[in-house]
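J.: Sharing query37.txt here; it has compact mmCIF, C-alpha atoms and all ligand atoms.
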```txt
# COMPACT_ATOMS: atom_id res chain seq x y z
CA MET A 1 -91.31 145.99 -54.93
CA SER A 2 -93.69 145.27 -52.01
CA ASP A 3 -94.39 141.70 -50.88
CA PRO A 4 -97.53 140.03 -52.30
CA VAL A 5 -100.51 139.53 -49.96
CA ARG A 6 -100.35 136.03 -48.46
CA ILE A 7 -103.23 133.99 -47.02
CA LEU A 8 -102.87 130.77 -45.03
CA ALA A 9 -105.99 128.57 -45.13
CA LEU A 10 -107.07 125.47 -43.23
CA GLU A 11 -109.52 122.84 -44.49
CA THR A 12 -110.90 120.40 -41.90
CA SER A 13 -114.51 119.90 -43.00
CA CYS A 14 -114.45 116.12 -43.24
CA ASP A 15 -111.62 113.58 -43.07
CA GLU A 16 -108.72 115.42 -44.73
CA THR A 17 -106.59 117.88 -42.76
CA ALA A 18 -105.21 120.39 -45.25
CA VAL A 19 -103.20 123.61 -45.16
CA ALA A 20 -102.35 125.89 -48.09
CA ILE A 21 -100.86 129.31 -48.71
CA CYS A 22 -102.02 131.54 -51.55
CA GLU A 23 -100.14 134.61 -52.76
CA ALA A 24 -102.29 137.26 -54.43
CA PRO A 25 -103.38 137.13 -57.17
CA GLY A 26 -104.37 133.46 -56.86
CA ARG A 27 -100.92 131.80 -56.85
CA ILE A 28 -100.74 128.69 -54.60
CA VAL A 29 -97.26 128.55 -53.05
CA ALA A 30 -97.86 125.64 -50.63
CA SER A 31 -100.47 122.91 -50.34
CA ARG A 32 -100.28 120.03 -47.85
CA ILE A 33 -102.83 117.31 -47.13
CA SER A 34 -102.84 114.73 -44.36
CA SER A 35 -105.37 112.08 -45.33
CA GLN A 36 -107.31 110.01 -42.78
CA VAL A 37 -108.67 107.62 -45.41
CA LEU A 38 -106.85 104.58 -44.02
CA ILE A 39 -108.04 105.35 -40.47
CA HIS A 40 -111.72 105.57 -41.50
CA ARG A 41 -111.53 102.61 -43.93
CA ALA A 42 -111.72 100.26 -40.93
CA TYR A 43 -115.20 101.67 -40.16
CA GLY A 44 -116.44 101.74 -43.78
CA GLY A 45 -116.98 105.52 -43.63
CA VAL A 46 -116.00 108.70 -41.79
CA VAL A 47 -116.48 108.62 -37.99
CA PRO A 48 -116.85 112.30 -36.90
CA GLU A 49 -115.33 111.85 -33.44
CA VAL A 50 -112.28 110.06 -34.87
CA ALA A 51 -111.95 112.69 -37.62
CA SER A 52 -111.84 115.67 -35.26
CA ARG A 53 -109.28 114.00 -32.97
CA ASN A 54 -107.03 113.31 -35.91
CA HIS A 55 -107.39 116.88 -37.22
CA ILE A 56 -106.08 118.08 -33.85
CA LEU A 57 -103.06 115.79 -34.15
CA ALA A 58 -102.30 116.68 -37.77
CA VAL A 59 -102.98 120.39 -38.05
CA ARG A 60 -99.99 121.94 -36.24
CA PRO A 61 -97.23 119.96 -37.99
CA LEU A 62 -99.00 120.52 -41.31
CA ILE A 63 -98.95 124.32 -40.85
CA GLY A 64 -95.19 124.04 -40.22
CA GLU A 65 -94.78 121.98 -43.41
CA ALA A 66 -96.77 124.48 -45.49
CA LEU A 67 -94.74 127.43 -44.18
CA ALA A 68 -91.52 125.52 -44.88
CA GLU A 69 -92.69 124.66 -48.41
CA ALA A 70 -93.41 128.35 -49.10
CA GLU A 71 -90.23 129.44 -47.27
CA LEU A 72 -92.27 131.79 -45.10
CA THR A 73 -92.76 132.51 -41.41
CA LEU A 74 -96.10 133.10 -39.65
CA ALA A 75 -95.25 136.81 -39.40
CA GLN A 76 -95.29 137.02 -43.23
CA ILE A 77 -98.91 135.84 -43.47
CA ASP A 78 -101.43 138.67 -44.02
CA ALA A 79 -104.67 136.80 -43.20
CA PHE A 80 -105.83 133.42 -41.90
CA ALA A 81 -108.78 131.47 -43.30
CA ALA A 82 -110.68 128.26 -42.54
CA THR A 83 -113.56 126.32 -44.03
CA ALA A 84 -116.64 127.32 -42.00
CA GLY A 85 -119.06 124.82 -43.59
CA PRO A 86 -120.72 122.77 -44.84
CA GLY A 87 -119.19 119.73 -43.14
CA LEU A 88 -118.92 117.90 -39.84
CA ALA A 89 -119.30 120.38 -36.95
CA SER A 90 -116.62 118.81 -34.76
CA SER A 91 -114.15 118.73 -37.66
CA LEU A 92 -114.92 122.28 -38.84
CA LEU A 93 -114.33 123.55 -35.29
CA VAL A 94 -110.70 122.38 -35.30
CA GLY A 95 -109.65 124.36 -38.39
CA ASN A 96 -111.70 127.39 -37.36
CA THR A 97 -110.34 127.51 -33.83
CA VAL A 98 -106.74 127.22 -35.05
CA ALA A 99 -107.15 129.84 -37.82
CA LYS A 100 -108.88 132.26 -35.43
CA ALA A 101 -106.18 131.74 -32.78
CA LEU A 102 -103.47 132.47 -35.37
CA ALA A 103 -105.32 135.57 -36.60
CA LEU A 104 -105.68 136.82 -33.02
CA ALA A 105 -102.06 136.08 -32.08
CA GLN A 106 -100.66 137.71 -35.25
CA GLY A 107 -103.13 140.62 -35.26
CA ARG A 108 -104.35 139.68 -38.76
CA PRO A 109 -107.85 139.32 -40.27
CA PHE A 110 -109.78 136.04 -40.30
CA LEU A 111 -111.88 134.75 -43.22
CA ALA A 112 -114.56 132.05 -42.98
CA ILE A 113 -114.79 130.22 -46.30
CA ASN A 114 -117.60 128.13 -47.79
CA HIS A 115 -116.28 124.66 -48.72
CA LEU A 116 -118.59 124.51 -51.74
CA GLU A 117 -117.35 127.85 -53.05
CA GLY A 118 -113.86 126.33 -52.74
CA HIS A 119 -114.86 123.39 -54.94
CA LEU A 120 -116.83 125.67 -57.29
CA LEU A 121 -113.88 127.95 -58.04
CA SER A 122 -111.11 125.29 -57.94
CA PRO A 123 -111.10 124.87 -61.76
CA PHE A 124 -109.93 128.50 -62.04
CA ILE A 125 -106.83 128.03 -59.84
CA GLY A 126 -103.69 128.54 -61.89
CA THR A 127 -105.55 129.65 -65.02
CA GLY A 128 -104.37 133.23 -64.46
CA ALA A 129 -107.70 134.49 -65.78
CA GLY A 130 -109.69 134.71 -62.53
CA VAL A 131 -113.32 133.59 -62.21
CA ARG A 132 -115.20 133.56 -65.52
CA PRO A 133 -118.94 133.15 -66.22
CA CYS A 134 -119.85 129.48 -66.60
CA VAL A 135 -122.24 126.68 -65.82
CA ALA A 136 -120.67 124.74 -62.96
CA LEU A 137 -121.27 121.19 -61.73
CA ILE A 138 -120.11 120.37 -58.20
CA VAL A 139 -119.99 116.61 -57.62
CA SER A 140 -118.59 115.46 -54.29
CA GLY A 141 -119.29 113.00 -51.50
CA GLY A 142 -121.81 115.33 -49.90
CA HIS A 143 -123.12 117.45 -52.78
CA THR A 144 -124.32 117.32 -56.36
CA SER A 145 -125.30 120.80 -57.54
CA LEU A 146 -125.53 122.70 -60.80
CA LEU A 147 -124.94 126.44 -60.64
CA GLN A 148 -124.73 129.36 -62.97
CA VAL A 149 -121.69 131.51 -62.16
CA ARG A 150 -121.83 135.11 -63.42
CA GLY A 151 -118.65 136.17 -61.62
CA PHE A 152 -116.93 135.88 -58.23
CA GLY A 153 -119.65 135.80 -55.52
CA ASP A 154 -122.52 135.84 -58.04
CA TYR A 155 -123.99 132.34 -58.13
CA THR A 156 -127.46 131.00 -58.92
CA LEU A 157 -128.44 127.45 -58.00
CA LEU A 158 -129.99 125.71 -61.01
CA GLY A 159 -130.62 122.38 -59.29
CA LYS A 160 -129.26 119.82 -56.86
CA THR A 161 -129.77 116.24 -55.78
CA ARG A 162 -133.02 115.32 -54.08
CA ASP A 163 -131.42 112.44 -52.19
CA ASP A 164 -127.90 110.97 -52.40
CA ALA A 165 -124.96 112.95 -53.74
CA ALA A 166 -123.19 111.30 -56.69
CA GLY A 167 -120.10 110.52 -54.57
CA GLU A 168 -122.31 109.08 -51.84
CA ALA A 169 -123.91 106.79 -54.44
CA PHE A 170 -120.45 105.66 -55.59
CA ASP A 171 -119.44 104.97 -51.97
CA LYS A 172 -122.67 103.11 -51.09
CA VAL A 173 -122.65 100.98 -54.24
CA ALA A 174 -118.98 100.14 -53.66
CA LYS A 175 -119.88 99.02 -50.13
CA MET A 176 -122.63 96.73 -51.54
CA LEU A 177 -120.04 95.26 -53.89
CA GLY A 178 -117.65 94.61 -50.99
CA LEU A 179 -115.15 97.29 -52.09
CA PRO A 180 -113.29 99.47 -49.55
CA TYR A 181 -114.04 103.10 -48.60
CA PRO A 182 -113.94 105.50 -50.41
CA GLY A 183 -115.66 103.58 -53.18
CA GLY A 184 -115.45 106.12 -56.03
CA PRO A 185 -111.83 105.44 -57.01
CA GLU A 186 -112.40 101.66 -56.62
CA ILE A 187 -115.42 101.65 -58.96
CA ASP A 188 -113.48 103.81 -61.43
CA ARG A 189 -110.63 101.24 -61.39
CA TYR A 190 -112.82 98.13 -61.86
CA ALA A 191 -114.96 99.88 -64.49
CA ARG A 192 -111.95 100.30 -66.79
CA ASN A 193 -112.13 96.60 -67.68
CA GLY A 194 -115.93 96.37 -67.67
CA ASP A 195 -118.76 96.51 -70.20
CA PRO A 196 -120.90 99.61 -69.45
CA GLU A 197 -123.82 98.11 -71.38
CA ARG A 198 -123.98 94.72 -69.67
CA TYR A 199 -126.56 95.97 -67.12
CA ARG A 200 -129.02 98.71 -68.06
CA PHE A 201 -129.43 100.79 -64.91
CA PRO A 202 -132.02 103.63 -64.79
CA ARG A 203 -131.03 107.17 -65.77
CA SER A 204 -133.19 108.80 -63.08
CA MET A 205 -134.66 112.21 -63.89
CA LEU A 206 -132.73 112.46 -67.15
CA ASP A 207 -135.80 113.86 -68.87
CA SER A 208 -137.33 115.64 -65.88
CA GLY A 209 -136.99 119.00 -67.63
CA ASP A 210 -135.35 120.60 -64.58
CA PHE A 211 -131.82 120.45 -63.17
CA ALA A 212 -132.53 118.25 -60.14
CA PHE A 213 -130.76 114.90 -59.65
CA SER A 214 -131.68 111.66 -57.88
CA PHE A 215 -129.34 108.73 -57.31
CA SER A 216 -131.10 106.63 -54.67
CA GLY A 217 -133.17 104.69 -57.27
CA LEU A 218 -130.02 103.81 -59.18
CA LYS A 219 -128.43 102.50 -55.98
CA THR A 220 -131.51 100.32 -55.34
CA ALA A 221 -131.40 99.05 -58.94
CA VAL A 222 -127.82 97.84 -58.36
CA LEU A 223 -128.99 96.08 -55.18
CA TYR A 224 -131.79 94.26 -57.10
CA GLN A 225 -129.33 93.31 -59.83
CA LEU A 226 -127.02 91.77 -57.22
CA ASP A 227 -129.89 89.56 -56.02
CA LYS A 228 -130.53 88.39 -59.60
CA LEU A 229 -126.95 87.57 -60.57
CA GLU A 230 -126.52 84.12 -62.06
CA ALA A 231 -122.72 84.10 -61.87
CA PRO A 232 -120.57 84.74 -58.75
CA ARG A 233 -120.47 88.47 -57.96
CA GLU A 234 -116.67 88.61 -58.35
CA SER A 235 -116.91 87.57 -62.00
CA CYS A 236 -119.35 90.41 -62.78
CA LEU A 237 -117.65 93.13 -60.73
CA ASP A 238 -116.05 94.94 -63.68
CA ASP A 239 -119.32 95.05 -65.63
CA LEU A 240 -121.40 96.06 -62.59
CA CYS A 241 -118.98 98.94 -61.86
CA ALA A 242 -118.85 100.05 -65.50
CA SER A 243 -122.65 99.93 -65.92
CA PHE A 244 -123.33 101.82 -62.68
CA GLN A 245 -120.66 104.42 -63.44
CA GLU A 246 -121.98 104.93 -66.97
CA ALA A 247 -125.48 105.69 -65.64
CA VAL A 248 -124.18 108.29 -63.14
CA VAL A 249 -121.86 109.95 -65.64
CA GLU A 250 -124.46 110.10 -68.42
CA ILE A 251 -126.95 111.88 -66.14
CA LEU A 252 -124.33 114.36 -64.91
CA VAL A 253 -123.04 115.19 -68.39
CA ALA A 254 -126.48 115.43 -70.04
CA LYS A 255 -127.94 117.75 -67.40
CA THR A 256 -124.87 119.99 -67.22
CA LEU A 257 -124.76 120.47 -70.99
CA ARG A 258 -128.48 121.14 -71.09
CA ALA A 259 -127.96 123.84 -68.44
CA ALA A 260 -125.12 125.38 -70.47
CA ARG A 261 -127.39 125.52 -73.51
CA LYS A 262 -130.25 127.04 -71.52
CA CYS A 263 -128.05 129.66 -69.82
CA GLY A 264 -126.16 130.47 -73.03
CA ASP A 265 -122.79 129.87 -71.35
CA SER A 266 -119.85 128.69 -73.44
CA LEU A 267 -117.75 127.54 -70.46
CA VAL A 268 -118.50 124.44 -68.38
CA THR A 269 -116.63 123.65 -65.14
CA VAL A 270 -116.72 120.46 -63.07
CA SER A 271 -115.39 120.21 -59.50
CA GLY A 272 -115.48 118.02 -56.38
CA GLY A 273 -114.08 114.55 -55.71
CA VAL A 274 -116.21 112.76 -58.30
CA SER A 275 -114.68 114.94 -61.04
CA CYS A 276 -111.56 112.73 -60.64
CA ASN A 277 -113.56 109.96 -62.31
CA SER A 278 -111.88 108.95 -65.56
CA ARG A 279 -115.10 108.17 -67.46
CA LEU A 280 -116.68 111.46 -66.31
CA ARG A 281 -113.65 113.38 -67.60
CA ALA A 282 -113.68 111.54 -70.92
CA LEU A 283 -117.43 111.94 -71.58
CA PHE A 284 -117.45 115.63 -70.58
CA ALA A 285 -114.47 116.25 -72.88
CA GLU A 286 -116.12 114.41 -75.78
CA ARG A 287 -119.57 116.06 -75.46
CA CYS A 288 -118.23 119.57 -74.75
CA ALA A 289 -116.00 119.35 -77.84
CA ALA A 290 -118.97 118.16 -79.92
CA GLU A 291 -121.04 121.17 -78.79
CA GLY A 292 -118.22 123.73 -79.07
CA LEU A 293 -118.11 124.32 -75.31
CA GLU A 294 -114.95 125.03 -73.33
CA LEU A 295 -114.39 122.64 -70.39
CA LEU A 296 -112.40 123.31 -67.21
CA ILE A 297 -111.80 120.54 -64.66
CA ALA A 298 -109.20 120.99 -61.93
CA PRO A 299 -106.44 118.37 -61.65
CA PRO A 300 -107.30 115.50 -59.22
CA ASP A 301 -105.34 116.96 -56.26
CA LEU A 302 -107.48 120.12 -56.47
CA SER A 303 -110.72 118.17 -57.07
CA THR A 304 -110.83 116.12 -53.87
CA ASP A 305 -110.80 118.03 -50.57
CA ASN A 306 -107.81 120.37 -50.29
CA ALA A 307 -106.91 123.72 -48.72
CA ALA A 308 -105.61 125.33 -51.93
CA MET A 309 -109.21 125.94 -53.05
CA ILE A 310 -110.01 127.50 -49.64
CA ALA A 311 -106.91 129.72 -49.79
CA TYR A 312 -107.85 130.73 -53.36
CA VAL A 313 -111.37 131.87 -52.38
CA ALA A 314 -109.94 133.57 -49.26
CA SER A 315 -107.47 135.52 -51.41
CA LEU A 316 -110.29 136.71 -53.68
CA ARG A 317 -112.42 137.77 -50.70
CA HIS A 318 -109.43 139.47 -49.01
CA ALA A 319 -108.67 141.37 -52.24
CA ALA A 320 -112.31 142.51 -52.24
CA GLY A 321 -111.78 143.98 -48.74
CA GLN A 322 -113.77 141.30 -46.92
CA ALA A 323 -113.09 139.71 -43.50
CA ASP A 324 -115.16 137.90 -40.86
CA PRO A 325 -115.55 138.40 -37.09
CA LEU A 326 -113.81 135.92 -34.77
CA GLU A 327 -117.22 135.35 -33.12
CA LEU A 328 -118.62 133.79 -36.32
CA ASP A 329 -119.65 130.18 -35.67
CA VAL A 330 -119.14 127.23 -38.02
CA ASP A 331 -122.23 126.13 -39.98
CA PRO A 332 -122.47 122.41 -40.86
CA ASN A 333 -125.29 123.23 -43.33
CA LEU A 334 -123.83 126.37 -44.88
CA SER A 335 -125.37 127.03 -48.30
CA ILE A 336 -123.55 128.41 -51.32
CA VAL A 337 -126.44 130.64 -52.39
CA SER A 338 -128.60 132.75 -50.11
CA THR A 339 -132.16 131.47 -50.07
O1 LIG B 401 -114.82 116.49 -52.76
P1 LIG B 401 -114.52 115.31 -51.92
O2 LIG B 401 -113.07 114.95 -51.68
O3 LIG B 401 -115.17 115.43 -50.50
C1 LIG B 401 -116.43 115.96 -50.26
O4 LIG B 401 -116.52 117.21 -50.13
O5 LIG B 401 -117.38 115.15 -50.24
O6 LIG B 401 -115.28 114.09 -52.59
C2 LIG B 401 -115.18 112.81 -52.10
C3 LIG B 401 -116.02 111.89 -52.97
C4 LIG B 401 -116.14 110.47 -52.43
O7 LIG B 401 -117.50 110.09 -52.47
C5 LIG B 401 -115.31 109.65 -53.39
O8 LIG B 401 -115.77 108.31 -53.54
C6 LIG B 401 -115.48 110.43 -54.68
O9 LIG B 401 -115.40 111.77 -54.28
N1 LIG B 401 -114.42 110.13 -55.67
C7 LIG B 401 -114.67 109.51 -56.85
C8 LIG B 401 -113.42 109.34 -57.48
N2 LIG B 401 -112.45 109.86 -56.67
C9 LIG B 401 -113.09 110.35 -55.57
N3 LIG B 401 -115.82 109.10 -57.40
C10 LIG B 401 -115.76 108.49 -58.60
N4 LIG B 401 -114.59 108.26 -59.26
C11 LIG B 401 -113.41 108.66 -58.75
N5 LIG B 401 -112.26 108.45 -59.41
ZN ZN B 402 -115.41 118.54 -50.59
```
What does the file become when written as structure tokens?
Ligand code: KG4
Ligand code: ZN
T.:
Amino acid sequence: MSDPVRILALETSCDETAVAICEAPGRIVASRISSQVLIHRAYGGVVPEVASRNHILAVRPLIGEALAEAELTLAQIDAFAATAGPGLASSLLVGNTVAKALALAQGRPFLAINHLEGHLLSPFIGTGAGVRPCVALIVSGGHTSLLQVRGFGDYTLLGKTRDDAAGEAFDKVAKMLGLPYPGGPEIDRYARNGDPERYRFPRSMLDSGDFAFSFSGLKTAVLYQLDKLEAPRESCLDDLCASFQEAVVEILVAKTLRAARKCGDSLVTVSGGVSCNSRLRALFAERCAAEGLELLIAPPDLSTDNAAMIAYVASLRHAAGQADPLELDVDPNLSIVST
């Protein structure tokens, strides 16, 4: 029996250095992540210059770890891939330069992968069924978008945020509350003991009739509420987190299910870092069950930034006979749909 096709992919679009190996068809045999969260926490957010320097330090040992995990050598890799955008230019360049150098040295093809397509298709990893038609919500630190997926490579944008991404709103509100970066997991943790109805924050654009989102007004509403607090902030933290989180999650769930109804899709997928949120998972599960919709959300390690999702997309593109020229530049603003 011949060896399966193997792709090694690098993800360096923001502050996680990640390497993964995917064996066709869609089987992840290694996935390693070196997180810079503790480095950037000191600055309250990601510092691009610091991120790219740390990618350079982390990437080579991580490739060695991934190969060791898969019990493979570089010579057994059939193609090399890297996230080409969207993301921080100086961070993207590290993964792209390394993947291109490996492709050149090994005489193998190179594939430039869209980070958002990685998130979009991550719920299908390990399902064994490939990409299925669905309505897909991507909710991350940089993006909040609703798409209709008709199949691999066939995506229509239904709507996106007009201002902050949902994850960005979590991170900014957490900062206002004095919680460390990244704020999403912190708010999730405090909210577990809080009353989501104590403060009634606005559900912006819930009834706008389209699939656009807006979270900046909600963020401002939390700021005004902080000014009005009668008790010390610490004593209201759980309720503030729960009330803010409930507003975000309600908007995301309501609009996604409305899109599924409009598009006639029976499968809903949710991806990106914010899909780790425990309340988001619970409310999506409850409402999808009530409407007879199937729900797919990747496990948390495939929801936040990782290279397995990049390797997965690369393996699908490689199987479709696609490759990219080594001259292709990174694109910090790369879009998931052609406009
Ligand atoms: O997908 P991701 O790792 O990176 C981007 O591509 O942006 O998403 C990171 C975002 C951050 O804003 C982080 O606060 C948020 O995901 N996040 C969460 C949770 N875990 C991560 N937001 C809410 N609840 C969580 N449990
Ligand atoms: Zn991401």
J.: Name all residues at most 8 Å from Leu218 of chain A (count all atoms listed in the file; drop same-chain ones fewer than 2 positions away) and give them as a list in words.
T.: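 With the cut-off at 8 Å, the set is Phe201, Pro202, Arg203, Ser204, Phe215, Ser216, Thr220, Ala221, Val222 and Phe244 of chain A.
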J.: Considering all atoms listed in the file, state which residue in the set A:Arg60, A:Gly87, A:Ala320, A:Lys219 is at the smallest distance from ligand ZN 402 (chain B).
T.: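 Among the listed residues, A:Gly87 lies closest to ligand ZN 402 (chain B).
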J.: Could you report the residues within 6 Å of ligand LIG 401 (chain B), using only C-alpha atoms and all ligand atoms, as a list of chain:residue names?
T.: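 So the residues close to ligand LIG 401 (chain B) are A:Ser140, A:Gly141, A:Gly142, A:Gly167, A:Glu168, A:Phe170, A:Asp171, A:Pro182, A:Gly183, A:Gly184, A:Pro185, A:Asp188, A:Gly272, A:Gly273, A:Val274, A:Cys276, A:Asn277, A:Thr304, A:Asp305.
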J.: Can you pull out the residues contacting Asp15 of chain A? Cut-off 7 Å, using all atoms listed in the file, and skip same-chain residues under 6 positions away; I want them as a list of chain:residue names.
T.: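 Contacts, in chain order: A:Ser35, A:Gln36, A:Val46, A:Ala51.
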J.: Neighbours of Asn96 of chain A within 8 Å (only C-alpha atoms; same-chain residues fewer than 5 positions away dropped), as a PyMOL selection string?
T.: chain A and resi 10+81-84+112+330
J.: What is the atom CA of Tyr43 of chain A to atom CA of Pro180 of chain A distance in Å?
T.: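 One can read the atom CA of Tyr43 of chain A to atom CA of Pro180 of chain A distance as 9.8 Å.
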J.: Atom CA of Val5 of chain A to atom CA of Leu296 of chain A: how many Å, to one decimal?
T.: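 Pair atom CA of Val5 of chain A / atom CA of Leu296 of chain A returns 26.5 Å.
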J.: Using only C-alpha atoms, which protein or nucleic acid residues come within 10 Å of Glu65 of chain A? Drop anything in the same chain fewer than 6 positions from it, and give the result as a PyMOL selection string.
T.: chain A and resi 19-20+30-32+59+71
J.: Taking only C-alpha atoms and all ligand atoms into account, name the residue in A:Val270, A:Leu257, A:Leu8, A:Ile138 that is nearest to ligand ZN 402 (chain B).
T.: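 Using only C-alpha atoms and all ligand atoms, ligand ZN 402 (chain B) sits closest to A:Ile138.
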J.: What does the structure give for the distance between atom CA of Ile310 of chain A and atom CA of Ile7 of chain A, in Å to one decimal?
T.: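 Distance between the two atoms: 9.7 Å.
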J.: Between A:Gly45, A:Gly178, A:Pro332, A:Pro300, which one has atoms that come closest to Ser275 of chain A, using all atoms listed in the file?
T.: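 Answer, going by the shortest atom-to-atom distance: A:Pro300.
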J.: Which residue gives the smallest distance to Tyr224 of chain A among A:Met176, A:Tyr181, A:Ala319, A:Ala58, with all atoms listed in the file counted?
T.: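 Selected residue with least distance to Tyr224 of chain A: A:Met176.
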J.: Given the block above, output segment 97-104 of chain A with all heavy atoms as a CSV table (one decimal), in the first residue's frame.
T.:
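The resulting selection_20.csv:
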```
chain,number,residue,atom,x,y,z
A,97,THR,N,8.0,32.4,5.2
A,97,THR,CA,9.3,32.2,4.7
A,97,THR,C,9.9,30.8,5.1
A,97,THR,O,10.5,30.2,4.2
A,97,THR,CB,10.2,33.3,5.4
A,97,THR,OG1,9.6,34.6,5.2
A,97,THR,CG2,11.6,33.3,4.9
A,98,VAL,N,9.5,30.3,6.3
A,98,VAL,CA,10.0,29.0,6.7
A,98,VAL,C,9.4,27.9,5.8
A,98,VAL,O,10.1,27.0,5.3
A,98,VAL,CB,9.7,28.7,8.2
A,98,VAL,CG1,10.1,27.3,8.5
A,98,VAL,CG2,10.5,29.7,9.0
A,99,ALA,N,8.1,28.0,5.6
A,99,ALA,CA,7.4,27.0,4.7
A,99,ALA,C,7.9,27.0,3.3
A,99,ALA,O,8.1,26.0,2.7
A,99,ALA,CB,5.9,27.2,4.8
A,100,LYS,N,8.1,28.2,2.8
A,100,LYS,CA,8.6,28.3,1.4
A,100,LYS,C,10.1,27.7,1.3
A,100,LYS,O,10.4,27.1,0.3
A,100,LYS,CB,8.6,29.8,0.9
A,100,LYS,CG,7.2,30.3,0.6
A,100,LYS,CD,7.3,31.8,0.3
A,100,LYS,CE,5.9,32.3,0.0
A,100,LYS,NZ,5.9,33.8,-0.2
A,101,ALA,N,10.9,28.0,2.3
A,101,ALA,CA,12.3,27.5,2.3
A,101,ALA,C,12.3,26.0,2.4
A,101,ALA,O,13.0,25.4,1.7
A,101,ALA,CB,13.0,28.1,3.5
A,102,LEU,N,11.4,25.4,3.2
A,102,LEU,CA,11.3,24.0,3.3
A,102,LEU,C,10.8,23.4,1.9
A,102,LEU,O,11.4,22.4,1.5
A,102,LEU,CB,10.3,23.6,4.4
A,102,LEU,CG,10.9,23.8,5.8
A,102,LEU,CD1,9.7,23.6,6.8
A,102,LEU,CD2,12.0,22.8,6.1
A,103,ALA,N,9.8,24.0,1.3
A,103,ALA,CA,9.3,23.5,0.0
A,103,ALA,C,10.4,23.6,-1.0
A,103,ALA,O,10.6,22.6,-1.8
A,103,ALA,CB,8.1,24.4,-0.4
A,104,LEU,N,11.2,24.7,-1.0
A,104,LEU,CA,12.3,24.8,-2.0
A,104,LEU,C,13.4,23.8,-1.7
A,104,LEU,O,13.8,23.1,-2.7
A,104,LEU,CB,12.9,26.2,-1.8
A,104,LEU,CG,13.8,26.7,-2.9
A,104,LEU,CD1,13.1,26.8,-4.3
A,104,LEU,CD2,14.3,28.1,-2.5
```
